[in-house]
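Report on one structure; see the data block that follows.
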Amino acid sequence: MSDVPHIISSDTLREQRLPPGQSLTRKWPILHAGTVPRFDPARWRFQIFGLVEQPWQCDYTAFKALPQIRVKADMHCVTRWSKLDMLWEGVSTRTVMNQVKLLPEARFVMVHCEQGFSTNLPLDEFLDEDCLFAWGCDGQPLDPDHGFPLRLVVPKLYAWKSAKWVRGVELIPQDRPGFWEDWFNGGYHMHGDPWTEERFRPV
């Protein structure tokens with residue numbers, strides 16, 4: 001693993017590591033709605049679609065064969081806990097998106113997950129150097145409760161943007177709410193910056 005690139009998220013270099021309103025935890029709380037989906041590697045597929053010249057999909061073996069990366073980052077949950085210095089293992093979002101050619105009007109992504117969950121992100125932030133699709137953390141495979149077999153990790157935004165159980169990415173021209181951003185499911189902020197406490201959508 002010595003030849004795997006190791007990225008350090010810039011937020012870990014801040015003098016003040018905790019965003020406003022956050023408390024430090026050493027444990028990793030488990031938070032999700034509904035049941036944990038069952039992983040069937042024979043049926044699992046990852047796909048990229050929407051504003052791309054040609055949609056792309058692969059199975060789990062092919063996904064894990066993509067060039068890997070490790071990212072040291074902090075995680076900040078909208079429920080006000082923060083866990084520092086997590087070491088994620090997986091494939092960078094940039095590497096995954098290099099499998100397709102984006103159309104010029106693609107400006108946002110909708111990340112689709114098991115059981116109808118989803119989250120929205122600006123394309124440029126989704127492609128930040130410390131963003132990845134992870135299957136491991138701190139030297140161990142992710143627990144299913146934490147998103148195995150594949151979790152998006154976007155360190156600079158609240159942790160609901162680091163969606164669990166990812167199955168695909170849709171390229172879209174305009175921002176639209178994902179599952180938790182929808183008013184019916186909680187009305188979380190469309191962006192989710194912990195440093196400016198973007199917790200909920202303005203009324």
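Identifiers for the structure tokens are assigned positionally: chains receive A, B, ... in sequence, residues are indexed from 1 per chain, and ligands are indexed from 1 in the order shown.
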Q: Tell me which protein, DNA and RNA residues are within 12 Å of Trp195 of chain A, counting only C-alpha atoms, leaving out same-chain ones fewer than 4 positions away, and put them as a PyMOL selection string.
A: chain A and resi 11+14+16-22+76-78+80+155-158+191+199
Writer output for current selection, N, CA and C atoms, as a PDB file, in the first residue's frame:
ATOM      1  N   ASP A  11      -8.816  20.784   5.904  1.00  0.00           N
ATOM      2  CA  ASP A  11      -9.470  21.117   7.174  1.00  0.00           C
ATOM      3  C   ASP A  11      -8.720  20.557   8.376  1.00  0.00           C
ATOM      4  N   ARG A  14      -6.308  23.118  10.014  1.00  0.00           N
ATOM      5  CA  ARG A  14      -6.789  24.319  10.686  1.00  0.00           C
ATOM      6  C   ARG A  14      -6.285  24.377  12.131  1.00  0.00           C
ATOM      7  N   GLN A  16      -8.003  25.730  14.565  1.00  0.00           N
ATOM      8  CA  GLN A  16      -9.211  25.342  15.281  1.00  0.00           C
ATOM      9  C   GLN A  16      -9.878  24.231  14.484  1.00  0.00           C
ATOM     10  N   ARG A  17      -9.891  23.027  15.032  1.00  0.00           N
ATOM     11  CA  ARG A  17     -10.375  21.862  14.286  1.00  0.00           C
ATOM     12  C   ARG A  17     -11.890  21.675  14.376  1.00  0.00           C
ATOM     13  N   LEU A  18     -12.528  22.186  15.437  1.00  0.00           N
ATOM     14  CA  LEU A  18     -13.962  21.972  15.606  1.00  0.00           C
ATOM     15  C   LEU A  18     -14.753  23.146  15.064  1.00  0.00           C
ATOM     16  N   PRO A  19     -15.662  22.906  14.115  1.00  0.00           N
ATOM     17  CA  PRO A  19     -16.548  23.972  13.644  1.00  0.00           C
ATOM     18  C   PRO A  19     -17.472  24.452  14.761  1.00  0.00           C
ATOM     19  N   PRO A  20     -18.121  25.596  14.590  1.00  0.00           N
ATOM     20  CA  PRO A  20     -19.033  26.110  15.620  1.00  0.00           C
ATOM     21  C   PRO A  20     -20.132  25.105  15.957  1.00  0.00           C
ATOM     22  N   GLY A  21     -20.414  24.974  17.248  1.00  0.00           N
ATOM     23  CA  GLY A  21     -21.505  24.132  17.705  1.00  0.00           C
ATOM     24  C   GLY A  21     -21.216  22.646  17.751  1.00  0.00           C
ATOM     25  N   GLN A  22     -19.958  22.243  17.473  1.00  0.00           N
ATOM     26  CA  GLN A  22     -19.614  20.825  17.440  1.00  0.00           C
ATOM     27  C   GLN A  22     -18.911  20.393  18.722  1.00  0.00           C
ATOM     28  N   HIS A  76     -17.679  15.816  10.401  1.00  0.00           N
ATOM     29  CA  HIS A  76     -18.527  16.672  11.227  1.00  0.00           C
ATOM     30  C   HIS A  76     -19.994  16.365  10.919  1.00  0.00           C
ATOM     31  N   CYS A  77     -20.716  15.875  11.911  1.00  0.00           N
ATOM     32  CA  CYS A  77     -22.113  15.513  11.724  1.00  0.00           C
ATOM     33  C   CYS A  77     -23.021  16.686  12.089  1.00  0.00           C
ATOM     34  N   VAL A  78     -24.112  16.836  11.360  1.00  0.00           N
ATOM     35  CA  VAL A  78     -25.064  17.908  11.628  1.00  0.00           C
ATOM     36  C   VAL A  78     -25.707  17.762  13.004  1.00  0.00           C
ATOM     37  N   ARG A  80     -24.092  17.431  15.588  1.00  0.00           N
ATOM     38  CA  ARG A  80     -23.176  18.189  16.457  1.00  0.00           C
ATOM     39  C   ARG A  80     -22.018  17.393  17.034  1.00  0.00           C
ATOM     40  N   PRO A 155     -15.228  15.502   3.020  1.00  0.00           N
ATOM     41  CA  PRO A 155     -14.837  15.952   4.358  1.00  0.00           C
ATOM     42  C   PRO A 155     -15.232  17.378   4.704  1.00  0.00           C
ATOM     43  N   LYS A 156     -15.290  18.282   3.737  1.00  0.00           N
ATOM     44  CA  LYS A 156     -15.503  19.702   4.048  1.00  0.00           C
ATOM     45  C   LYS A 156     -16.965  20.048   4.274  1.00  0.00           C
ATOM     46  N   LEU A 157     -17.879  19.080   4.102  1.00  0.00           N
ATOM     47  CA  LEU A 157     -19.296  19.325   4.325  1.00  0.00           C
ATOM     48  C   LEU A 157     -19.807  18.417   5.445  1.00  0.00           C
ATOM     49  N   TYR A 158     -20.962  18.752   5.989  1.00  0.00           N
ATOM     50  CA  TYR A 158     -21.557  17.921   7.026  1.00  0.00           C
ATOM     51  C   TYR A 158     -21.692  16.476   6.539  1.00  0.00           C
ATOM     52  N   HIS A 191     -26.391  22.967   0.807  1.00  0.00           N
ATOM     53  CA  HIS A 191     -24.926  22.929   0.703  1.00  0.00           C
ATOM     54  C   HIS A 191     -24.294  22.179   1.866  1.00  0.00           C
ATOM     55  N   ARG A 199     -26.897  24.090   8.510  1.00  0.00           N
ATOM     56  CA  ARG A 199     -27.550  22.867   8.965  1.00  0.00           C
ATOM     57  C   ARG A 199     -28.893  22.633   8.270  1.00  0.00           C
TER      58      ARG A 199
END
Q: Compile the contact shell of Ser82 of chain A as a ChimeraX atom specification: residues with an atom at most 6 Å away, counting only C-alpha atoms, same-chain residues fewer than 6 positions apart removed.
A: /A:23-25,75-76
(Q) Residues near segment 166-174 of chain A, anyone? I mean within 9 Å using only C-alpha atoms, not counting same-chain ones fewer than 3 positions away, as number ranges by chain. (A) A: 44-52, 57, 102-103, 105-114, 117-118, 123, 133, 147-152, 163
Q. Would you give me, as a VMD selection string, the residues in chain A that DSSP reads as strand (DSSP E or B)?
A. chain A and resid 6 to 8 23 to 24 46 to 50 52 56 to 58 69 to 76 81 to 92 102 108 to 113 118 to 122 132 to 137 140 to 141 151 to 153 166 to 172 188 200
**Q.** Pick from A:Cys58, A:Leu127, A:Val203, A:Ala73 nearest to Ile8 of chain A, counting only C-alpha atoms
**A.** A:Ala73
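Among the candidate residues A:Phe63, A:Trp81, A:Trp165, A:Trp88, the one lying nearest to Gln115 of chain A is A:Trp165, with distances computed using only C-alpha atoms.
Of note, atom CA of Asp74 of chain A and atom CA of Ser9 of chain A are spaced 7.9 Å apart.
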Q. Taking the backbone alone, and naming residues the way the document does, which bits of segment 17-68 of chain A are helix (DSSP H, G or I) by DSSP, as a PyMOL selection string?
A. chain A and resi 60-64
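Taking atom CA of Leu84 of chain A and atom CA of Asp145 of chain A as the two end points, the separation is 19.0 Å.
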Q | Nearby residues (only C-alpha atoms) at most 9 Å from Leu87 of chain A, same-chain spacing under 5 positions excluded, as a PyMOL selection string | A | chain A and resi 70-74+136-139
Q: Give me the residues within 12 Å of Pro67 of chain A as a PyMOL selection string, counting only C-alpha atoms and dropping any in the same chain fewer than 6 places off.
A: chain A and resi 1+3-5+89-96+98-99+132-133
Q: Kindly indicate which residue among A:Cys131, A:Trp183, A:Lys164, A:Ser10 lies nearest to His146 of chain A, using only C-alpha atoms for the distances.
A: A:Lys164
(Q) One decimal, in Å: what's the spacing between atom CA of Asp182 of chain A and atom CA of Trp56 of chain A? (A) 27.5 Å
